[in-house]
Amino acid sequence: MNTTLQQLAETDAFIDIHAFEARLASGESPIKVFKSTINKAQAEMDARFKSGEDIRKLIYGRAGVIDTILTSAWNLFTWPDDTQISLIAVGGYGRGELHPHSDVDLMILVDDIDPAAYEESISQFLTLLWDIALEIGSSVRSIEDCYDKSRDDITIATNLIESRPLTGDPRLHQRMYDRVTSEGAWTDKEFFIAKLKEQKARHEKTNNTEYNLEPNLKTSPGGLRDLQTIGWVAKRHFGTTYIRDLVDHGFVTESELETLNRGELYLWTVRYALHMHCRRREDRLLFDHQRTLADFFGYKDQHGALAVEQFMSKYYRVAMAMGEFNDMLLQYFSEAILKIDDKQTITSINKRFQIHNDYLEVTYDKVFEYHPFALLEAFVLLAQNDEILGVRASTIRLIRDHRHLIDDDFRSDLRNTSLFMELLRSPNGVSTELKRMNRYDILGRYLPEFGKIVGQMQHDLFHIYTVDAHTMKVIQKMRQFRHTDHREQFPIAHRVVNNLPKIELLYIAGLYHDIAKGRGGDHSELGSVDVMEFCERHHLGKWDSHLTAWLVRSHLLMSMTAQRKDITDPDVIHNFAMHVRDTVHLDYLYVLTVADINATNHTLWNNWRATLLRQLYMETKRALRRGLENPINKEDRIEQVQHDAMLILAHSGQPEEEIKEFWSMLGEDYFLREEARNIAWHTQSILEHGSNELPLILIQQTSYRVFEGATEIFIYSEDIPNLFSATVATLDQLHLNIQDARVILTDDGRTLNTYTVLTDDDEALSENPSYLNSIQERLIEELDDPDDYPDIIHRRVPRQMKLFAMPTTVSLSNDPNLQLTVMEVRSPDRPGLLARIGQIFSELDISVRKAKIASVGERVEDFFFLTDNDGLPISDPALCQELQTRVCRELDEHIRDE
């Protein structure tokens, strides 16, 4: 360990060296001495960590402790010639950094000799290290082995660059180091390119964002590995030992170095606490760890911000800052390493900016000081010039150094508001440059309300990004909808977005739709106030301003209507159309909704949700064209669908009188909610089924009009008590996820139940006939005898869902029009939920007439339409109370028991 690390480590503070050596000399078991010494030292470090000790002393101190242990262990064995063998620390341990449970990476370096002479001692040495419970990563190599392997593997090359000798002849290590850092192993350019490629691959695994729900402190963007990458490149090219040495090379200023050091020490502190809490090596900030660490660091729940959200917000802001430095310094390195010999090509844009070898650059250092508006102009120029690849590192630094100039006067300056609107109206680069503005902390300064949501976490499984990262993705999705390569996946959004009269209004709504998250209150209402102020400051007209405010206020309306309400009901469509008012509002709202869902969580968008929204959009558009004063006539609708179904049945061989007699027992609700071809399919199958006592089970892919991408399971049987409970339990056993349920009772005591299902991954079911037959056979087997109805199954609740177990809530209301009791259940999602609810219905003699199932991330928001045994709304207060109490109690106990 070098002198600086030894000074910081203060090994003597954690080990009584004299007592340690005395115990070894006394003949006490080395294993016992080493284990107790390490454990005692770690306990002392943990105690000091909790009392606020400098994290560097602990990280370097642990490395110093392990140095002492390894050197002592090494000396217990016979090494015939210590000039030909050496113990080397590599990787993080080679840097002198060890967290409580980090791997101790070692290399036994031998000269060009026969290693057999040392084989027994090496084996015994490594066995001893395992016996004292050190997490060892080890290798035995010659100098030429090191050279050959480092040429083939950039990771090995990096580990060897960060090596240091622990014991043995240090000249052997120096020879190895000189060999693996020679131009023959990796040139500076090759090494830099390889590290860039390695970082890019690492970032792609986390969607290229610092803002993942469960980030990795080491490998996520803005994490420790990004800082280490800077150090590796600097060490390889400049021969530096620490990032601080880059100050002497002019790549980092003193103030930037201070920020980098603070960020690294913060990440070290969190990582140390994580290791200490887990009692093992763990670098992922999993949900359960986040809560524990938030409590450990003293965060408290506040109005609008949970303790864990505050803790993670600090982490995200640090990671974002570290990512920004990584960008800037790697750009500097690129200029110094890759492009040092390139011909310098400069193209003037205006008096303030020029293009220098494909990168935007200021024409002189005081541009932002003399012309603050250039802080926004830079991003407009980037959007308008496709040939510009990015911003030169020197200009990034100047942007950082002058962003404090963005104040209230700046925000009200007509030049600046005009530039920002010019960016939003740019044909290209809008989402890229808004994201770049956010990364350089310009967007949050220009829009202070946006600055408040930077790094703001939403602690659930529904939103997988922070609010600002989600917002950037919303605008990115809006931009992608314009392109032809997204036409197939988003056909309506593609057509609509390319025909919007003012697309910038859509982007403004996207920027502000979640702007008020975390303030308490209705974020949609609060956001609509903020966006009106934005529109006023940016001189938008009244119609434009009111449209954007309406979009922000109503941005959840379309998804809630599609997922929670029966969109086959003409009244639902009419009421939604009344709120939308015209096709322009509908078009904007549709694109905003689709972008919002896709940017919230990539797992939410599937054929099911796509078709729900498409159906709502098309039906609403028809209603608007027909005129809001002319709602669809139910009688005409029923007459038309029966007429169309009869035409389909004309060749079935079923007498028309028999068909009409059967239809007369079904009621108007059935004909309002089914398509003609489904009615014909059901009718023919039921009439052919005749008086068969076994339930009739039909399975088909749903039609376009209803729910494309899902599968319909139709059950026709005697109206047996608890049929719903038995059915949902069986479907759950089959790992099918129910999206919708409809129940129609006939006048002759029969029931027509339709369940719309996906797989438990929310994907379409396989159309393999044998698979569908197996579902059909299983349902017949379970439903043919009520005495055989299955018990509620117990499938394991996933770890993440347990952590978001907010209490179940149940509300009941009677709908006088439908003559049904409506029960809304909001609860954490988990396998078997519907089956458990169904069992409660069974035990309370409650019948389900219809159900609307909506899973939103980790929670469900389900609606059940119920009657009592007499087919009437539930009016008994005691029964209502018992139903609410049991559903809440049993669902919450279910997730706790798991």
# chains A, B, ... in the order shown; residues from 1 in each chain; ligands from 1

call {"tool": "residues_around", "arguments": {"residues": "segment 126-140 of chain A", "least_positions_apart": "6", "cutoff": "7 Å", "atoms": "only C-alpha atoms", "output": "VMD selection string"}}
result
chain A and resid 31 34 to 35 103 to 109

call {"tool": "write_last_selection", "arguments": {"atoms": "N, CA, C and O atoms", "output": "CSV table (one decimal), in the first residue's frame"}}
result
chain,number,residue,atom,x,y,z
A,31,ILE,N,-5.7,-19.9,12.2
A,31,ILE,CA,-7.1,-19.7,11.7
A,31,ILE,C,-7.9,-18.9,12.8
A,31,ILE,O,-8.6,-18.0,12.4
A,34,PHE,N,-6.5,-15.3,13.0
A,34,PHE,CA,-6.9,-14.4,11.8
A,34,PHE,C,-8.4,-14.1,11.8
A,34,PHE,O,-8.8,-13.0,11.6
A,35,LYS,N,-9.2,-15.1,12.1
A,35,LYS,CA,-10.7,-14.9,12.1
A,35,LYS,C,-11.1,-13.9,13.1
A,35,LYS,O,-11.9,-13.0,12.9
A,103,ASP,N,-15.0,-8.7,-2.4
A,103,ASP,CA,-14.1,-9.7,-2.7
A,103,ASP,C,-12.6,-9.2,-2.6
A,103,ASP,O,-12.3,-8.1,-2.9
A,104,VAL,N,-11.8,-10.1,-2.1
A,104,VAL,CA,-10.4,-9.8,-2.0
A,104,VAL,C,-9.7,-10.5,-3.2
A,104,VAL,O,-9.5,-11.7,-3.2
A,105,ASP,N,-9.4,-9.7,-4.2
A,105,ASP,CA,-8.8,-10.3,-5.4
A,105,ASP,C,-7.3,-10.3,-5.3
A,105,ASP,O,-6.7,-9.3,-5.1
A,106,LEU,N,-6.8,-11.5,-5.5
A,106,LEU,CA,-5.3,-11.7,-5.4
A,106,LEU,C,-4.8,-12.4,-6.6
A,106,LEU,O,-5.5,-13.2,-7.3
A,107,MET,N,-3.5,-12.2,-6.9
A,107,MET,CA,-2.8,-12.9,-7.9
A,107,MET,C,-1.5,-13.3,-7.3
A,107,MET,O,-0.8,-12.5,-6.7
A,108,ILE,N,-1.1,-14.6,-7.5
A,108,ILE,CA,0.2,-15.1,-7.1
A,108,ILE,C,1.0,-15.0,-8.4
A,108,ILE,O,0.8,-15.7,-9.3
A,109,LEU,N,2.0,-14.1,-8.4
A,109,LEU,CA,2.8,-13.9,-9.6
A,109,LEU,C,4.1,-14.6,-9.4
A,109,LEU,O,4.9,-14.5,-8.4

call {"tool": "residues_around", "arguments": {"residues": "Val467 of chain A", "least_positions_apart": "6", "cutoff": "9 Å", "atoms": "only C-alpha atoms", "output": "mmCIF file with N, CA and C atoms, in the first residue's frame"}}
result
data_model
loop_
_atom_site.group_PDB
_atom_site.id
_atom_site.type_symbol
_atom_site.label_atom_id
_atom_site.label_comp_id
_atom_site.auth_asym_id
_atom_site.auth_seq_id
_atom_site.Cartn_x
_atom_site.Cartn_y
_atom_site.Cartn_z
ATOM 1 N N ILE A 453 -38.838 18.000 -9.423
ATOM 2 C CA ILE A 453 -39.110 16.569 -9.618
ATOM 3 C C ILE A 453 -37.884 15.804 -10.109
ATOM 4 N N VAL A 454 -36.751 16.493 -10.285
ATOM 5 C CA VAL A 454 -35.535 15.813 -10.710
ATOM 6 C C VAL A 454 -35.080 14.864 -9.600
ATOM 7 N N GLY A 455 -34.934 13.602 -9.944
ATOM 8 C CA GLY A 455 -34.520 12.607 -8.968
ATOM 9 C C GLY A 455 -35.616 12.180 -8.014
ATOM 10 N N GLN A 456 -36.852 12.643 -8.247
ATOM 11 C CA GLN A 456 -37.943 12.290 -7.330
ATOM 12 C C GLN A 456 -38.444 10.891 -7.648
ATOM 13 N N MET A 457 -38.326 10.045 -6.661
ATOM 14 C CA MET A 457 -38.711 8.645 -6.823
ATOM 15 C C MET A 457 -40.188 8.464 -6.507
ATOM 16 N N GLN A 458 -40.821 7.525 -7.203
ATOM 17 C CA GLN A 458 -42.173 7.100 -6.854
ATOM 18 C C GLN A 458 -42.051 5.658 -6.375
ATOM 19 N N ASP A 514 -46.930 15.404 -14.997
ATOM 20 C CA ASP A 514 -46.599 14.905 -13.653
ATOM 21 C C ASP A 514 -45.795 15.925 -12.848
ATOM 22 N N ILE A 515 -45.818 17.168 -13.268
ATOM 23 C CA ILE A 515 -44.950 18.195 -12.680
ATOM 24 C C ILE A 515 -45.234 18.420 -11.197
ATOM 25 N N LYS A 517 -46.143 16.096 -8.971
ATOM 26 C CA LYS A 517 -45.995 14.895 -8.139
ATOM 27 C C LYS A 517 -45.190 15.239 -6.879
#

call {"tool": "closest_residue", "arguments": {"among": "A:Val810, A:Ala41, A:His651, A:Phe724", "to": "Gln881 of chain A", "atoms": "only C-alpha atoms"}}
result
A:Val810

call {"tool": "residues_around", "arguments": {"residues": "Val552 of chain A", "least_positions_apart": "5", "cutoff": "12 Å", "atoms": "only C-alpha atoms", "output": "PyMOL selection string"}}
result
chain A and resi 505-516+522-532+545-547+557+585+588-589+592-593+596

call {"tool": "write_last_selection", "arguments": {"atoms": "N, CA and C atoms", "output": "compact mmCIF listing (two decimals), in the first residue's frame"}}
result
# COMPACT_ATOMS: atom_id res chain seq x y z
N LEU A 505 -47.73 21.70 -28.40
CA LEU A 505 -48.67 21.68 -27.27
C LEU A 505 -48.67 20.30 -26.61
N LEU A 506 -48.50 19.27 -27.43
CA LEU A 506 -48.42 17.91 -26.89
C LEU A 506 -47.18 17.77 -26.01
N TYR A 507 -46.05 18.32 -26.46
CA TYR A 507 -44.82 18.22 -25.68
C TYR A 507 -44.94 19.00 -24.37
N ILE A 508 -45.58 20.14 -24.42
CA ILE A 508 -45.76 20.93 -23.19
C ILE A 508 -46.61 20.15 -22.20
N ALA A 509 -47.69 19.54 -22.69
CA ALA A 509 -48.52 18.71 -21.81
C ALA A 509 -47.70 17.55 -21.24
N GLY A 510 -46.85 16.95 -22.08
CA GLY A 510 -45.99 15.87 -21.59
C GLY A 510 -45.03 16.35 -20.52
N LEU A 511 -44.46 17.54 -20.70
CA LEU A 511 -43.55 18.11 -19.71
C LEU A 511 -44.23 18.34 -18.37
N TYR A 512 -45.51 18.70 -18.40
CA TYR A 512 -46.19 19.15 -17.18
C TYR A 512 -47.18 18.14 -16.60
N HIS A 513 -47.38 17.00 -17.25
CA HIS A 513 -48.45 16.13 -16.78
C HIS A 513 -48.20 15.58 -15.38
N ASP A 514 -46.93 15.40 -15.00
CA ASP A 514 -46.60 14.90 -13.65
C ASP A 514 -45.79 15.92 -12.85
N ILE A 515 -45.82 17.17 -13.27
CA ILE A 515 -44.95 18.20 -12.68
C ILE A 515 -45.23 18.42 -11.20
N ALA A 516 -46.45 18.12 -10.76
CA ALA A 516 -46.84 18.40 -9.37
C ALA A 516 -46.78 17.16 -8.48
N ASP A 522 -54.03 16.79 -5.61
CA ASP A 522 -54.23 16.20 -6.93
C ASP A 522 -53.18 16.77 -7.87
N HIS A 523 -52.22 15.94 -8.28
CA HIS A 523 -51.12 16.46 -9.10
C HIS A 523 -51.63 16.91 -10.48
N SER A 524 -52.73 16.34 -10.94
CA SER A 524 -53.28 16.76 -12.23
C SER A 524 -53.81 18.19 -12.16
N GLU A 525 -54.53 18.49 -11.09
CA GLU A 525 -55.07 19.85 -10.92
C GLU A 525 -53.95 20.86 -10.68
N LEU A 526 -53.01 20.51 -9.82
CA LEU A 526 -51.90 21.42 -9.52
C LEU A 526 -51.04 21.64 -10.76
N GLY A 527 -50.85 20.57 -11.53
CA GLY A 527 -50.06 20.69 -12.75
C GLY A 527 -50.72 21.57 -13.79
N SER A 528 -52.04 21.53 -13.84
CA SER A 528 -52.75 22.37 -14.82
C SER A 528 -52.57 23.86 -14.51
N VAL A 529 -52.41 24.18 -13.23
CA VAL A 529 -52.14 25.58 -12.85
C VAL A 529 -50.73 25.96 -13.31
N ASP A 530 -49.78 25.07 -13.08
CA ASP A 530 -48.40 25.34 -13.49
C ASP A 530 -48.29 25.53 -14.99
N VAL A 531 -48.97 24.70 -15.76
CA VAL A 531 -48.82 24.78 -17.20
C VAL A 531 -49.49 26.04 -17.75
N MET A 532 -50.54 26.51 -17.10
CA MET A 532 -51.14 27.79 -17.51
C MET A 532 -50.16 28.93 -17.32
N SER A 545 -53.47 27.54 -24.57
CA SER A 545 -53.24 27.44 -23.12
C SER A 545 -54.28 26.55 -22.47
N HIS A 546 -55.53 26.74 -22.84
CA HIS A 546 -56.61 25.96 -22.22
C HIS A 546 -56.53 24.49 -22.65
N LEU A 547 -56.10 24.23 -23.88
CA LEU A 547 -55.95 22.85 -24.33
C LEU A 547 -54.86 22.14 -23.51
N LEU A 557 -57.54 10.40 -17.50
CA LEU A 557 -58.95 10.09 -17.77
C LEU A 557 -59.12 8.93 -18.75
N HIS A 585 -59.31 17.51 -29.08
CA HIS A 585 -58.96 17.14 -27.70
C HIS A 585 -58.74 15.63 -27.59
N TYR A 588 -55.21 14.65 -29.11
CA TYR A 588 -54.12 15.00 -28.21
C TYR A 588 -54.10 14.07 -26.98
N LEU A 589 -55.27 13.83 -26.41
CA LEU A 589 -55.34 13.02 -25.21
C LEU A 589 -54.93 11.58 -25.49
N LEU A 592 -51.07 11.43 -25.76
CA LEU A 592 -50.50 11.63 -24.43
C LEU A 592 -50.68 10.37 -23.57
N THR A 593 -51.84 9.76 -23.64
CA THR A 593 -52.13 8.57 -22.84
C THR A 593 -51.24 7.39 -23.24
N ASP A 596 -47.71 8.06 -22.17
CA ASP A 596 -47.59 8.00 -20.71
C ASP A 596 -47.49 6.55 -20.24

call {"tool": "residues_around", "arguments": {"residues": "Thr395 of chain A", "least_positions_apart": "3", "cutoff": "6 Å", "atoms": "only C-alpha atoms", "output": "count of residues only"}}
result
3

call {"tool": "select_by_dssp", "arguments": {"residues": "segment 351-430 of chain A", "states": "strand (DSSP E)", "output": "VMD selection string"}}
result
chain A and resid 353 to 356 359 to 362 390 to 391

call {"tool": "write_last_selection", "arguments": {"atoms": "N, CA, C and O atoms", "output": "compact mmCIF listing (two decimals), in the first residue's frame"}}
result
# COMPACT_ATOMS: atom_id res chain seq x y z
N PHE A 353 -21.29 30.46 -31.63
CA PHE A 353 -21.06 29.02 -31.70
C PHE A 353 -20.42 28.61 -33.02
O PHE A 353 -20.62 29.25 -34.07
N GLN A 354 -19.69 27.51 -32.95
CA GLN A 354 -19.09 26.92 -34.13
C GLN A 354 -19.09 25.40 -33.96
O GLN A 354 -19.30 24.89 -32.86
N ILE A 355 -18.88 24.70 -35.06
CA ILE A 355 -18.78 23.24 -35.02
C ILE A 355 -17.31 22.88 -35.14
O ILE A 355 -16.67 23.19 -36.15
N HIS A 356 -16.79 22.24 -34.10
CA HIS A 356 -15.37 21.86 -34.05
C HIS A 356 -15.28 20.34 -34.13
O HIS A 356 -15.62 19.65 -33.18
N TYR A 359 -18.48 18.62 -33.19
CA TYR A 359 -19.02 18.90 -31.85
C TYR A 359 -19.24 20.41 -31.68
O TYR A 359 -18.44 21.22 -32.18
N LEU A 360 -20.31 20.76 -31.00
CA LEU A 360 -20.65 22.16 -30.78
C LEU A 360 -19.66 22.78 -29.80
O LEU A 360 -19.34 22.19 -28.76
N GLU A 361 -19.23 24.00 -30.12
CA GLU A 361 -18.24 24.68 -29.30
C GLU A 361 -18.53 26.17 -29.30
O GLU A 361 -18.98 26.73 -30.32
N VAL A 362 -18.31 26.84 -28.18
CA VAL A 362 -18.44 28.30 -28.14
C VAL A 362 -17.25 28.91 -28.88
O VAL A 362 -16.17 28.30 -28.96
N GLY A 390 -22.46 16.19 -30.64
CA GLY A 390 -22.58 16.46 -29.21
C GLY A 390 -21.94 17.79 -28.87
O GLY A 390 -21.74 18.64 -29.74
N VAL A 391 -21.61 17.96 -27.59
CA VAL A 391 -21.02 19.21 -27.11
C VAL A 391 -19.59 18.93 -26.69
O VAL A 391 -19.30 17.94 -26.01

call {"tool": "closest_residue", "arguments": {"among": "A:Asp762, A:Phe534, A:Thr620, A:Arg495", "to": "Tyr446 of chain A", "atoms": "only C-alpha atoms"}}
result
A:Phe534

call {"tool": "closest_residue", "arguments": {"among": "A:Leu687, A:Glu781, A:Phe20, A:Arg849", "to": "Thr754 of chain A", "atoms": "only C-alpha atoms"}}
result
A:Arg849

call {"tool": "atom_distance", "arguments": {"atom1": "atom CA of Pro372 of chain A", "atom2": "atom CA of Leu419 of chain A"}}
result
12.0 Å

call {"tool": "residues_around", "arguments": {"residues": "segment 230-234 of chain A", "least_positions_apart": "5", "cutoff": "8 Å", "atoms": "only C-alpha atoms", "output": "ChimeraX atom specification"}}
result
/A:158,161,191-192,195,239-243,246,326,329-330,333

call {"tool": "residues_around", "arguments": {"residues": "Val33 of chain A", "least_positions_apart": "5", "cutoff": "8 Å", "atoms": "only C-alpha atoms", "output": "NGL selection string"}}
result
:A and (20 or 23-24 or 28)

call {"tool": "write_last_selection", "arguments": {"atoms": "C-alpha atoms", "output": "compact mmCIF listing (two decimals), in the first residue's frame"}}
result
# COMPACT_ATOMS: atom_id res chain seq x y z
CA PHE A 20 -1.71 -9.97 17.07
CA ARG A 23 -0.83 -14.58 19.59
CA LEU A 24 0.72 -15.99 16.42
CA GLU A 28 -2.33 -20.38 18.93

call {"tool": "closest_atom_pairs", "arguments": {"of": "segment 428-459 of chain A", "to": "segment 373-380 of chain A", "cutoff": "8 Å", "atoms": "only C-alpha atoms", "output": "JSON lines"}}
result
{"residue": "A:Glu433", "atom": "CA", "partner": "A:Phe379", "partner_atom": "CA", "distance": 5.9}
{"residue": "A:Met437", "atom": "CA", "partner": "A:Phe379", "partner_atom": "CA", "distance": 7.4}
{"residue": "A:Ile442", "atom": "CA", "partner": "A:Leu375", "partner_atom": "CA", "distance": 7.9}

call {"tool": "write_last_selection", "arguments": {"atoms": "C-alpha atoms", "output": "mmCIF file, in the first residue's frame"}}
result
data_model
loop_
_atom_site.group_PDB
_atom_site.id
_atom_site.type_symbol
_atom_site.label_atom_id
_atom_site.label_comp_id
_atom_site.auth_asym_id
_atom_site.auth_seq_id
_atom_site.Cartn_x
_atom_site.Cartn_y
_atom_site.Cartn_z
ATOM 1 C CA GLU A 433 -31.996 17.977 -26.292
ATOM 2 C CA MET A 437 -30.733 19.971 -20.826
ATOM 3 C CA ILE A 442 -30.376 23.549 -17.416
#

call {"tool": "atom_distance", "arguments": {"atom1": "atom CA of Asn207 of chain A", "atom2": "atom CA of Trp605 of chain A"}}
result
16.8 Å

call {"tool": "select_by_dssp", "arguments": {"residues": "segment 543-789 of chain A", "states": "alpha helix (DSSP H)", "output": "ChimeraX atom specification"}}
result
/A:543-553,557-564,570-580,583-600,607-626,634-649,656-663,668-673,676-689,723-733,769-783

call {"tool": "residues_around", "arguments": {"residues": "Asn773 of chain A", "least_positions_apart": "6", "cutoff": "12 Å", "atoms": "only C-alpha atoms", "output": "list in words"}}
result
Ile697, Leu698, Ile699, Gln700, Ile713, Ser766, Glu767, Leu779 and Ile780 of chain A

call {"tool": "write_last_selection", "arguments": {"atoms": "all heavy atoms", "output": "PDB file, in the first residue's frame"}}
result
ATOM      1  N   ILE A 697     -68.104 -25.224 -22.374  1.00  0.00           N
ATOM      2  CA  ILE A 697     -66.915 -24.376 -22.300  1.00  0.00           C
ATOM      3  C   ILE A 697     -66.448 -24.095 -23.725  1.00  0.00           C
ATOM      4  O   ILE A 697     -66.143 -25.029 -24.484  1.00  0.00           O
ATOM      5  CB  ILE A 697     -65.758 -25.042 -21.520  1.00  0.00           C
ATOM      6  CG1 ILE A 697     -66.247 -25.615 -20.191  1.00  0.00           C
ATOM      7  CG2 ILE A 697     -64.616 -24.059 -21.325  1.00  0.00           C
ATOM      8  CD1 ILE A 697     -66.640 -24.590 -19.170  1.00  0.00           C
ATOM      9  N   LEU A 698     -66.381 -22.820 -24.110  1.00  0.00           N
ATOM     10  CA  LEU A 698     -65.891 -22.415 -25.426  1.00  0.00           C
ATOM     11  C   LEU A 698     -64.692 -21.485 -25.248  1.00  0.00           C
ATOM     12  O   LEU A 698     -64.675 -20.650 -24.341  1.00  0.00           O
ATOM     13  CB  LEU A 698     -66.981 -21.686 -26.209  1.00  0.00           C
ATOM     14  CG  LEU A 698     -68.309 -22.431 -26.419  1.00  0.00           C
ATOM     15  CD1 LEU A 698     -69.303 -21.522 -27.133  1.00  0.00           C
ATOM     16  CD2 LEU A 698     -68.077 -23.704 -27.234  1.00  0.00           C
ATOM     17  N   ILE A 699     -63.709 -21.626 -26.112  1.00  0.00           N
ATOM     18  CA  ILE A 699     -62.513 -20.786 -26.037  1.00  0.00           C
ATOM     19  C   ILE A 699     -62.189 -20.272 -27.435  1.00  0.00           C
ATOM     20  O   ILE A 699     -62.168 -21.036 -28.400  1.00  0.00           O
ATOM     21  CB  ILE A 699     -61.302 -21.571 -25.482  1.00  0.00           C
ATOM     22  CG1 ILE A 699     -61.605 -22.125 -24.090  1.00  0.00           C
ATOM     23  CG2 ILE A 699     -60.058 -20.692 -25.439  1.00  0.00           C
ATOM     24  CD1 ILE A 699     -60.484 -22.979 -23.514  1.00  0.00           C
ATOM     25  N   GLN A 700     -61.925 -18.957 -27.530  1.00  0.00           N
ATOM     26  CA  GLN A 700     -61.514 -18.377 -28.806  1.00  0.00           C
ATOM     27  C   GLN A 700     -60.716 -17.103 -28.550  1.00  0.00           C
ATOM     28  O   GLN A 700     -60.807 -16.498 -27.483  1.00  0.00           O
ATOM     29  CB  GLN A 700     -62.733 -18.042 -29.678  1.00  0.00           C
ATOM     30  CG  GLN A 700     -63.542 -16.853 -29.161  1.00  0.00           C
ATOM     31  CD  GLN A 700     -64.545 -16.339 -30.192  1.00  0.00           C
ATOM     32  OE1 GLN A 700     -64.766 -16.960 -31.217  1.00  0.00           O
ATOM     33  NE2 GLN A 700     -65.149 -15.197 -29.907  1.00  0.00           N
ATOM     34  N   ILE A 713     -62.940 -16.969 -22.690  1.00  0.00           N
ATOM     35  CA  ILE A 713     -63.408 -18.275 -22.224  1.00  0.00           C
ATOM     36  C   ILE A 713     -64.883 -18.112 -21.870  1.00  0.00           C
ATOM     37  O   ILE A 713     -65.230 -17.365 -20.948  1.00  0.00           O
ATOM     38  CB  ILE A 713     -62.591 -18.751 -21.014  1.00  0.00           C
ATOM     39  CG1 ILE A 713     -61.125 -18.932 -21.413  1.00  0.00           C
ATOM     40  CG2 ILE A 713     -63.168 -20.052 -20.469  1.00  0.00           C
ATOM     41  CD1 ILE A 713     -60.212 -19.315 -20.277  1.00  0.00           C
ATOM     42  N   SER A 766     -51.203 -19.038 -26.109  1.00  0.00           N
ATOM     43  CA  SER A 766     -50.846 -19.803 -27.296  1.00  0.00           C
ATOM     44  C   SER A 766     -52.117 -20.305 -27.978  1.00  0.00           C
ATOM     45  O   SER A 766     -53.093 -20.672 -27.318  1.00  0.00           O
ATOM     46  CB  SER A 766     -49.960 -20.989 -26.903  1.00  0.00           C
ATOM     47  OG  SER A 766     -49.866 -21.908 -27.965  1.00  0.00           O
ATOM     48  N   GLU A 767     -52.098 -20.309 -29.303  1.00  0.00           N
ATOM     49  CA  GLU A 767     -53.257 -20.808 -30.056  1.00  0.00           C
ATOM     50  C   GLU A 767     -53.131 -22.303 -30.347  1.00  0.00           C
ATOM     51  O   GLU A 767     -53.915 -22.855 -31.114  1.00  0.00           O
ATOM     52  CB  GLU A 767     -53.404 -20.012 -31.352  1.00  0.00           C
ATOM     53  CG  GLU A 767     -53.720 -18.540 -31.122  1.00  0.00           C
ATOM     54  CD  GLU A 767     -54.014 -17.802 -32.414  1.00  0.00           C
ATOM     55  OE1 GLU A 767     -54.736 -18.357 -33.253  1.00  0.00           O
ATOM     56  OE2 GLU A 767     -53.511 -16.684 -32.583  1.00  0.00           O
ATOM     57  N   LEU A 779     -61.389 -26.998 -16.947  1.00  0.00           N
ATOM     58  CA  LEU A 779     -62.566 -26.263 -16.473  1.00  0.00           C
ATOM     59  C   LEU A 779     -63.779 -27.188 -16.343  1.00  0.00           C
ATOM     60  O   LEU A 779     -64.518 -27.113 -15.353  1.00  0.00           O
ATOM     61  CB  LEU A 779     -62.875 -25.107 -17.441  1.00  0.00           C
ATOM     62  CG  LEU A 779     -61.976 -23.874 -17.307  1.00  0.00           C
ATOM     63  CD1 LEU A 779     -62.157 -22.955 -18.502  1.00  0.00           C
ATOM     64  CD2 LEU A 779     -62.288 -23.115 -16.015  1.00  0.00           C
ATOM     65  N   ILE A 780     -63.981 -28.055 -17.327  1.00  0.00           N
ATOM     66  CA  ILE A 780     -65.111 -28.994 -17.249  1.00  0.00           C
ATOM     67  C   ILE A 780     -64.950 -29.896 -16.042  1.00  0.00           C
ATOM     68  O   ILE A 780     -65.910 -30.152 -15.284  1.00  0.00           O
ATOM     69  CB  ILE A 780     -65.209 -29.820 -18.545  1.00  0.00           C
ATOM     70  CG1 ILE A 780     -65.610 -28.909 -19.721  1.00  0.00           C
ATOM     71  CG2 ILE A 780     -66.210 -30.958 -18.391  1.00  0.00           C
ATOM     72  CD1 ILE A 780     -65.583 -29.608 -21.070  1.00  0.00           C
TER      73      ILE A 780
END
